[in-house]
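Shown next: input-v1.cif, containing mmCIF, C-alpha atoms.
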```
data_input
loop_
_atom_site.label_atom_id
_atom_site.label_comp_id
_atom_site.auth_asym_id
_atom_site.auth_seq_id
_atom_site.Cartn_x
_atom_site.Cartn_y
_atom_site.Cartn_z
CA MET A 1 184.59 -15.72 90.48
CA ILE A 2 182.19 -12.88 91.09
CA THR A 3 181.42 -11.01 87.90
CA LEU A 4 179.73 -7.66 87.55
CA GLU A 5 177.22 -9.36 85.29
CA ASN A 6 176.24 -11.76 88.10
CA VAL A 7 175.89 -8.96 90.61
CA LYS A 8 173.70 -7.07 88.17
CA ARG A 9 171.55 -10.05 87.31
CA ARG A 10 170.98 -10.82 90.98
CA ALA A 11 169.89 -7.24 91.67
CA GLU A 12 167.61 -7.21 88.64
CA MET A 13 165.95 -10.46 89.63
CA ASP A 14 165.46 -9.29 93.18
CA ALA A 15 163.99 -5.97 92.04
CA LYS A 16 161.62 -7.76 89.69
CA ALA A 17 160.48 -10.24 92.32
CA HIS A 18 159.64 -7.50 94.81
CA GLY A 19 158.14 -4.99 92.38
CA TYR A 20 161.07 -2.56 92.63
CA PHE A 21 163.33 -1.01 90.00
CA LEU A 22 167.05 -0.41 89.88
CA THR A 23 168.32 3.15 90.09
CA PRO A 24 167.72 4.82 86.71
CA ASP A 25 171.08 6.62 86.23
CA PRO A 26 173.36 4.11 84.43
CA ASP A 27 176.62 5.54 85.84
CA PHE A 28 175.30 5.60 89.39
CA LEU A 29 174.01 2.04 88.97
CA GLN A 30 177.38 0.92 87.66
CA ASN A 31 179.12 2.47 90.70
CA LEU A 32 176.84 0.70 93.14
CA LEU A 33 177.19 -2.67 91.40
CA GLU A 34 180.97 -2.33 91.39
CA GLY A 35 180.82 -1.47 95.10
CA LEU A 36 178.75 -4.59 95.82
CA LYS A 37 181.18 -6.71 93.84
CA GLU A 38 184.14 -5.24 95.73
CA ASN A 39 182.47 -5.96 99.08
CA GLU A 40 181.62 -9.51 98.10
CA GLU A 41 185.22 -10.06 97.07
CA ARG A 42 186.75 -8.71 100.26
CA TYR A 43 184.19 -9.81 102.86
CA GLY A 44 182.62 -12.82 101.21
CA TYR A 45 179.17 -11.21 101.16
CA PRO A 46 177.76 -8.22 99.27
CA SER A 47 177.31 -5.71 102.09
CA CYS A 48 175.81 -2.30 101.32
CA PRO A 49 178.29 -0.24 99.27
CA CYS A 50 177.29 2.94 101.13
CA ARG A 51 177.76 1.66 104.67
CA LEU A 52 180.91 0.80 106.55
CA ALA A 53 181.03 -2.97 107.07
CA SER A 54 182.97 -4.53 109.94
CA GLY A 55 183.95 -7.65 108.03
CA ASN A 56 182.30 -9.72 110.79
CA PHE A 57 179.37 -11.56 109.22
CA ASP A 58 177.19 -11.49 112.33
CA TRP A 59 177.62 -7.75 112.75
CA ASP A 60 177.07 -7.02 109.07
CA ARG A 61 174.13 -9.37 108.57
CA ASP A 62 171.56 -6.55 108.52
CA ILE A 63 173.39 -4.60 105.78
CA ILE A 64 173.91 -7.43 103.32
CA CYS A 65 172.16 -6.34 100.16
CA PRO A 66 169.18 -6.36 100.00
CA CYS A 67 169.49 -4.97 103.52
CA ASP A 68 166.95 -5.20 106.34
CA TYR A 69 166.10 -1.54 105.81
CA ARG A 70 165.34 -1.64 102.10
CA ASP A 71 161.63 -2.38 102.26
CA PRO A 72 160.68 0.30 104.79
CA ASP A 73 162.99 2.81 103.05
CA VAL A 74 161.54 2.21 99.59
CA GLU A 75 158.11 2.42 101.18
CA GLU A 76 158.77 5.73 102.93
CA PHE A 77 161.28 7.51 100.69
CA GLY A 78 160.91 5.77 97.34
CA MET A 79 164.46 4.44 97.46
CA CYS A 80 166.80 2.45 99.69
CA TYR A 81 169.77 4.00 101.54
CA CYS A 82 172.27 3.55 98.70
CA ALA A 83 169.49 4.09 96.12
CA LEU A 84 170.14 0.82 94.28
CA TYR A 85 166.47 -0.14 94.66
CA VAL A 86 163.80 2.43 93.87
CA ARG A 87 160.03 2.58 93.60
CA LYS A 88 158.33 2.68 90.20
CA ASP A 89 157.49 6.41 90.31
CA VAL A 90 161.09 7.24 91.22
CA ALA A 91 162.43 5.04 88.41
CA GLU A 92 160.16 6.97 86.05
CA GLY A 93 161.61 10.27 87.23
CA ALA A 94 158.69 11.54 89.36
CA LYS A 95 161.11 12.29 92.19
CA PRO A 96 164.87 12.88 92.12
CA ILE A 97 167.30 10.35 93.58
CA GLU A 98 168.63 11.95 96.75
CA PRO A 99 170.19 10.91 100.04
CA ILE A 100 167.76 9.59 102.63
CA PRO A 101 168.15 9.32 106.43
CA GLU A 102 169.89 6.29 107.94
CA ARG A 103 167.51 3.81 109.54
CA ARG A 104 170.18 1.47 110.87
CA PRO A 105 170.51 1.63 114.68
CA GLN A 106 173.52 3.60 115.94
CA GLU A 107 175.00 0.78 118.02
CA LYS A 108 175.26 -1.38 114.93
CA ILE A 109 176.97 1.44 113.04
CA ASN A 110 179.47 1.93 115.87
CA ARG A 111 180.64 -1.65 115.77
CA ALA A 112 181.91 -1.25 112.23
CA SER A 113 184.27 1.45 113.46
CA GLY A 114 185.90 -0.91 115.91
CA GLU A 115 184.03 0.55 118.87
CA VAL A 116 183.30 -2.15 121.43
CA PRO A 117 180.14 -1.70 123.48
CA GLU A 118 180.93 -0.85 127.10
CA LYS A 119 178.38 -3.14 128.62
CA LYS A 120 178.10 -6.75 127.78
CA GLU A 121 175.11 -6.98 125.51
CA ALA A 122 172.00 -8.72 126.66
CA PRO A 123 171.22 -11.80 124.62
CA ASP A 124 169.07 -11.06 121.63
CA THR A 125 166.04 -13.07 122.69
CA LYS A 126 163.57 -11.54 120.30
CA GLY A 127 165.77 -11.93 117.26
CA ALA A 128 164.64 -10.04 114.19
CA ALA A 129 161.60 -8.60 115.94
CA ARG A 130 163.78 -6.30 118.03
CA ASP A 131 163.74 -2.57 117.28
CA THR A 132 161.23 -2.88 114.51
CA ASN A 133 157.54 -2.51 113.84
CA ARG A 134 157.52 -5.55 111.65
CA LYS A 135 154.45 -7.72 111.39
CA PHE A 136 153.50 -10.89 109.60
CA PHE A 137 151.51 -10.63 106.39
CA TYR A 138 150.26 -13.39 104.16
CA CYS A 139 149.30 -13.43 100.51
CA LYS A 140 145.69 -14.49 100.23
CA VAL A 141 146.33 -15.81 96.72
CA CYS A 142 149.28 -18.13 97.25
CA GLY A 143 149.90 -18.22 100.99
CA TYR A 144 153.35 -16.56 100.92
CA VAL A 145 154.20 -15.17 104.36
CA THR A 146 156.45 -12.19 104.96
CA PHE A 147 157.65 -10.31 108.05
CA ARG A 148 158.01 -6.58 107.47
CA GLU A 149 156.50 -3.18 108.29
CA GLU A 150 154.16 -2.98 105.31
CA PRO A 151 152.99 -5.66 102.90
CA PRO A 152 155.04 -5.83 99.66
CA HIS A 153 153.84 -3.99 96.55
CA VAL A 154 153.71 -7.27 94.74
CA CYS A 155 153.90 -10.85 95.95
CA PRO A 156 157.36 -12.16 94.98
CA ILE A 157 155.89 -15.62 94.46
CA CYS A 158 152.61 -15.20 92.60
CA ARG A 159 152.73 -11.49 91.59
CA ALA A 160 149.46 -10.69 93.41
CA LYS A 161 149.12 -6.99 94.27
CA GLN A 162 149.47 -5.46 97.73
CA GLU A 163 145.71 -5.47 98.27
CA PHE A 164 145.81 -9.24 98.43
CA PHE A 165 147.95 -9.21 101.55
CA GLU A 166 146.48 -9.43 105.00
CA GLU A 167 148.12 -9.10 108.37
CA ILE A 168 148.33 -12.24 110.44
CA VAL A 169 147.06 -11.43 113.91
CA LEU A 170 147.85 -14.02 116.50
CA ASP A 171 145.58 -14.10 119.50
CA THR A 172 148.03 -16.01 121.64
CA LYS A 173 151.39 -14.76 122.84
CA ILE A 174 154.38 -16.43 121.28
CA LYS A 175 156.63 -17.69 124.02
CA VAL A 176 160.25 -16.83 123.47
CA ARG A 177 162.70 -19.08 125.23
CA MET B 1 196.23 7.72 108.48
CA ASP B 2 196.99 8.99 105.02
CA ARG B 3 194.84 11.59 103.41
CA ILE B 4 194.81 11.75 99.63
CA THR B 5 194.89 15.24 98.17
CA VAL B 6 192.98 16.04 95.01
CA GLU B 7 194.35 19.22 93.58
CA GLY B 8 192.10 22.03 92.42
CA THR B 9 192.28 25.69 91.56
CA LYS B 10 190.08 26.79 94.50
CA LYS B 11 191.95 26.57 97.77
CA ASP B 12 190.02 29.09 99.92
CA HIS B 13 188.73 26.41 102.25
CA GLN B 14 190.20 23.34 103.84
CA VAL B 15 187.99 20.49 102.70
CA LEU B 16 188.16 16.99 104.16
CA LEU B 17 185.98 14.17 102.86
CA TYR B 18 185.45 10.92 104.74
CA ALA B 19 184.29 8.46 102.12
CA LEU B 20 183.89 4.77 101.28
CA SER B 21 185.63 3.52 98.16
CA THR B 22 182.52 1.54 97.20
CA CYS B 23 179.85 4.17 97.80
CA GLY B 24 177.95 5.76 94.91
CA TRP B 25 177.14 8.92 96.87
CA CYS B 26 180.80 9.34 97.85
CA LYS B 27 181.85 9.03 94.20
CA MET B 28 179.31 11.72 93.34
CA THR B 29 180.73 13.98 96.05
CA LYS B 30 184.28 13.48 94.77
CA ALA B 31 183.16 14.23 91.20
CA PHE B 32 181.23 17.31 92.35
CA LEU B 33 184.22 18.80 94.20
CA LYS B 34 186.53 18.05 91.29
CA ASP B 35 184.12 19.58 88.75
CA LYS B 36 183.96 22.75 90.82
CA GLY B 37 187.74 22.92 90.96
CA ILE B 38 187.82 22.61 94.76
CA GLU B 39 191.04 21.32 96.27
CA TYR B 40 190.22 18.67 98.85
CA GLU B 41 191.59 15.78 100.85
CA TYR B 42 189.83 12.45 101.29
CA VAL B 43 190.10 9.25 103.26
CA ASP B 44 188.47 6.00 102.13
CA VAL B 45 187.45 4.75 105.56
CA ASP B 46 186.63 1.20 104.43
CA LYS B 47 190.32 0.73 103.66
CA LEU B 48 191.45 1.67 107.18
CA ASN B 49 192.25 -0.63 110.07
CA ASN B 50 190.06 -0.58 113.20
CA GLU B 51 192.31 1.81 115.06
CA ASP B 52 192.10 4.43 112.32
CA ARG B 53 188.38 3.81 111.85
CA ASP B 54 187.93 4.62 115.50
CA LEU B 55 189.86 7.88 115.05
CA VAL B 56 187.59 8.83 112.16
CA ASN B 57 184.51 7.94 114.20
CA LYS B 58 185.71 10.13 117.08
CA ASP B 59 186.66 12.98 114.75
CA ILE B 60 183.19 12.97 113.18
CA LYS B 61 181.41 12.71 116.54
CA LYS B 62 183.50 15.50 118.01
CA ARG B 63 182.06 17.77 115.34
CA GLY B 64 178.50 16.70 116.03
CA GLY B 65 178.17 14.20 113.20
CA ARG B 66 177.76 10.46 113.06
CA LEU B 67 179.56 7.74 111.19
CA ALA B 68 177.91 8.01 107.77
CA PHE B 69 179.31 8.54 104.30
CA PRO B 70 180.09 10.82 102.68
CA THR B 71 180.94 13.24 105.49
CA VAL B 72 182.36 16.56 104.34
CA ILE B 73 184.18 18.78 106.83
CA VAL B 74 184.87 22.35 105.77
CA ASP B 75 187.51 24.38 107.62
CA GLU B 76 187.42 21.90 110.49
CA LYS B 77 184.07 23.15 111.68
CA ILE B 78 181.19 22.77 109.22
CA LEU B 79 180.17 19.15 108.97
CA ILE B 80 177.83 17.89 106.26
CA THR B 81 176.50 14.34 106.35
CA GLY B 82 175.48 12.91 102.98
CA PHE B 83 175.85 14.29 99.49
CA LYS B 84 173.86 17.48 100.08
CA LYS B 85 174.95 19.57 97.14
CA ASP B 86 173.32 22.79 98.35
CA ASN B 87 174.83 22.60 101.83
CA ILE B 88 178.28 21.81 100.44
CA SER B 89 178.06 24.67 97.93
CA LYS B 90 176.94 27.06 100.66
CA ALA B 91 179.77 26.07 102.99
CA LEU B 92 182.27 26.56 100.16
CA GLY B 93 180.71 29.79 98.93
CA ILE B 94 180.21 28.47 95.39
#
```

Now that the file is in, can you turn its structure into structure tokens?
Amino acid sequence: MITLENVKRRAEMDAKAHGYFLTPDPDFLQNLLEGLKENEERYGYPSCPCRLASGNFDWDRDIICPCDYRDPDVEEFGMCYCALYVRKDVAEGAKPIEPIPERRPQEKINRASGEVPEKKEAPDTKGAARDTNRKFFYCKVCGYVTFREEPPHVCPICRAKQEFFEEIVLDTKIKVR
Amino acid sequence: MDRITVEGTKKDHQVLLYALSTCGWCKMTKAFLKDKGIEYEYVDVDKLNNEDRDLVNKDIKKRGGRLAFPTVIVDEKILITGFKKDNISKALGI
């Protein structure tokens, strides 16, 4: 059984590992956690409480919390789309919690509404690299490698600060089959 | 598709809210309208079947919006995406 306590603990652990904080308003936090619990119960995975999920795992993959857009959103706006995860200064009240723009591509949003794309989609040969400016970074302290737009504020493995991350630049082209 | 009416003392505008039952921002919008005594109707889109979801999608797009929640539609013409308190207040004249 999925309990609210489990959902909360998971979010807290994830926030701690990545150097984020949970939204400071206790009522708002409670609402979001209940939403995540509800989604996990009905879909089998905790999709974002503030986005319409299709119920199809493959289509909803990018909005399973923590979503693919969390890191760049916290980086740019200080909070993720639903505002569950916030940056330290926001948690401390330096900036109000407010709605931020949606980063998720429109065609993915449309699928949740039952809209079927007109053209048959081209196979997704580049996988996660598509539509993003993500790069590889490694932690010079422990070797942890991550694929995102900016290096994390803190290494989730060894707690080293952002300054210890360096981009991995490959001088050969990766062949994609 | 059933709309749920939340009664209020202020009925000067027709207010329709497309929401998600799980969304924190949507809950805030509902609480805000209720606090202000605004009568409004809402639809929890996550509880609809695909056919009705498509109708909502088309309704929002027709008014120049996109499928995001909450979406507030005032008098069938002013569309506000997201819980933007100032914009909602302005549209309702409160």

Select residues of chain B: the criterion is any atom within 6 Å of an atom of chain A, counting only C-alpha atoms; output as a PyMOL selection string.
chain B and resi 22-24+50+53-54

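The spacing separating atom CA of Gly143 of chain A from atom CA of Glu167 of chain A amounts to 11.9 Å.
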
Could you name the residues that touch Leu92 of chain B at 9 Å or less, counting all atoms listed in the file, but leaving out those on the same chain fewer than 5 positions away, as a PDB file with C-alpha atoms, in the frame of the given file?
```
ATOM      1  CA  ASP B  12     190.020  29.090  99.920  1.00  0.00           C
ATOM      2  CA  HIS B  13     188.730  26.410 102.250  1.00  0.00           C
ATOM      3  CA  VAL B  15     187.990  20.490 102.700  1.00  0.00           C
ATOM      4  CA  ILE B  38     187.820  22.610  94.760  1.00  0.00           C
ATOM      5  CA  VAL B  74     184.870  22.350 105.770  1.00  0.00           C
ATOM      6  CA  ASN B  87     174.830  22.600 101.830  1.00  0.00           C
TER       7      ASN B  87
END
```

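Against this structure, the PyMOL selection byres ((chain B and resi 2) around 9) ends up with Met1, Arg3, Ile4, Tyr42 and Val43 of chain B.
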
Restricting to only C-alpha atoms, whichever of A:Glu5, A:Ala94, A:Lys108, A:Tyr20 is closest to Cys80 of chain A is A:Tyr20

All residues 9 Å or closer to Cys158 of chain A, only C-alpha atoms, same chain fewer than 2 positions away omitted, as an NGL selection string:
:A and (139 or 141-142 or 144 or 154-156 or 160)

So that I have them on file, write out the residues from the current selection with C-alpha atoms, as a compact mmCIF listing (two decimals), in the frame of the given file.
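This went into result06.txt:
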```txt
# COMPACT_ATOMS: atom_id res chain seq x y z
CA CYS A 139 149.30 -13.43 100.51
CA VAL A 141 146.33 -15.81 96.72
CA CYS A 142 149.28 -18.13 97.25
CA TYR A 144 153.35 -16.56 100.92
CA VAL A 154 153.71 -7.27 94.74
CA CYS A 155 153.90 -10.85 95.95
CA PRO A 156 157.36 -12.16 94.98
CA ALA A 160 149.46 -10.69 93.41
```

Counting only C-alpha atoms, find residues at most 9 Å from (154.5, -1.4, 102.8) (file frame) and give them as a ChimeraX atom specification.
/A:71-72,74-76,148-153,162

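Remark: for Gly65 of chain B, the closest of the candidate residues B:Val45, B:Ile78, B:Leu16, B:Ala31 is B:Ile78 (distances computed over all atoms listed in the file).
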
List the spatial neighbours of Lys34 of chain B as a list in words - criterion: any atom at most 10 Å away, only C-alpha atoms, same-chain residues fewer than 3 positions off excluded.
Val6, Glu7, Gly8, Thr9, Lys10, Met28, Thr29, Lys30, Ala31, Gly37, Ile38, Glu39 and Tyr40 of chain B

So that I have them on file, write out the residues from the current selection with C-alpha atoms, as a short mmCIF file (atom, residue, chain, number, x, y, z; two decimals), keeping the file's coordinate frame.
```cif
data_model
loop_
_atom_site.label_atom_id
_atom_site.label_comp_id
_atom_site.auth_asym_id
_atom_site.auth_seq_id
_atom_site.Cartn_x
_atom_site.Cartn_y
_atom_site.Cartn_z
CA VAL B 6 192.98 16.04 95.01
CA GLU B 7 194.35 19.22 93.58
CA GLY B 8 192.10 22.03 92.42
CA THR B 9 192.28 25.69 91.56
CA LYS B 10 190.08 26.79 94.50
CA MET B 28 179.31 11.72 93.34
CA THR B 29 180.73 13.98 96.05
CA LYS B 30 184.28 13.48 94.77
CA ALA B 31 183.16 14.23 91.20
CA GLY B 37 187.74 22.92 90.96
CA ILE B 38 187.82 22.61 94.76
CA GLU B 39 191.04 21.32 96.27
CA TYR B 40 190.22 18.67 98.85
#
```

Quick one: which residues end up in the PyMOL selection byres ((chain B and resi 66-72) around 7) for this structure, as a compact mmCIF listing (two decimals) with C-alpha atoms, in the coordinates of the input?
```
# COMPACT_ATOMS: atom_id res chain seq x y z
CA CYS A 50 177.29 2.94 101.13
CA LEU B 16 188.16 16.99 104.16
CA LEU B 17 185.98 14.17 102.86
CA TYR B 18 185.45 10.92 104.74
CA ALA B 19 184.29 8.46 102.12
CA LEU B 20 183.89 4.77 101.28
CA TRP B 25 177.14 8.92 96.87
CA CYS B 26 180.80 9.34 97.85
CA ASN B 57 184.51 7.94 114.20
CA ILE B 60 183.19 12.97 113.18
CA LYS B 61 181.41 12.71 116.54
CA GLY B 64 178.50 16.70 116.03
CA GLY B 65 178.17 14.20 113.20
CA ILE B 73 184.18 18.78 106.83
CA VAL B 74 184.87 22.35 105.77
CA LEU B 79 180.17 19.15 108.97
CA ILE B 80 177.83 17.89 106.26
CA THR B 81 176.50 14.34 106.35
CA GLY B 82 175.48 12.91 102.98
CA PHE B 83 175.85 14.29 99.49
```

Grab the atom CA of Thr23 of chain A to atom CA of Arg159 of chain A distance for me, in Å with one decimal place.
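So the two atoms, atom CA of Thr23 of chain A and atom CA of Arg159 of chain A, lie 21.4 Å apart.
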
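Reported to one decimal place, the separation of atom CA of Asp44 of chain B from atom CA of Leu4 of chain A is 21.8 Å.
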
Which residue out of A:Pro24, A:Ile97, A:Arg70, A:Glu41 has the minimum interatomic distance to Lys84 of chain B when all atoms listed in the file are used?
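Looking at the shortest contact to Lys84 of chain B, the residue is A:Ile97.
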
Using only C-alpha atoms: which of A:Gly44, A:Tyr138, A:Phe147, A:Asp14 has the shortest distance to Lys161 of chain A:
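Answer, going by the shortest atom-to-atom distance: A:Tyr138.
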
How would you write, as an MDAnalysis selection string, the residues chosen by the PyMOL selection byres ((chain A and resi 87) around 8) on this structure?
chainID A and resid 19:21 74:75 78:79 85:86 88:91
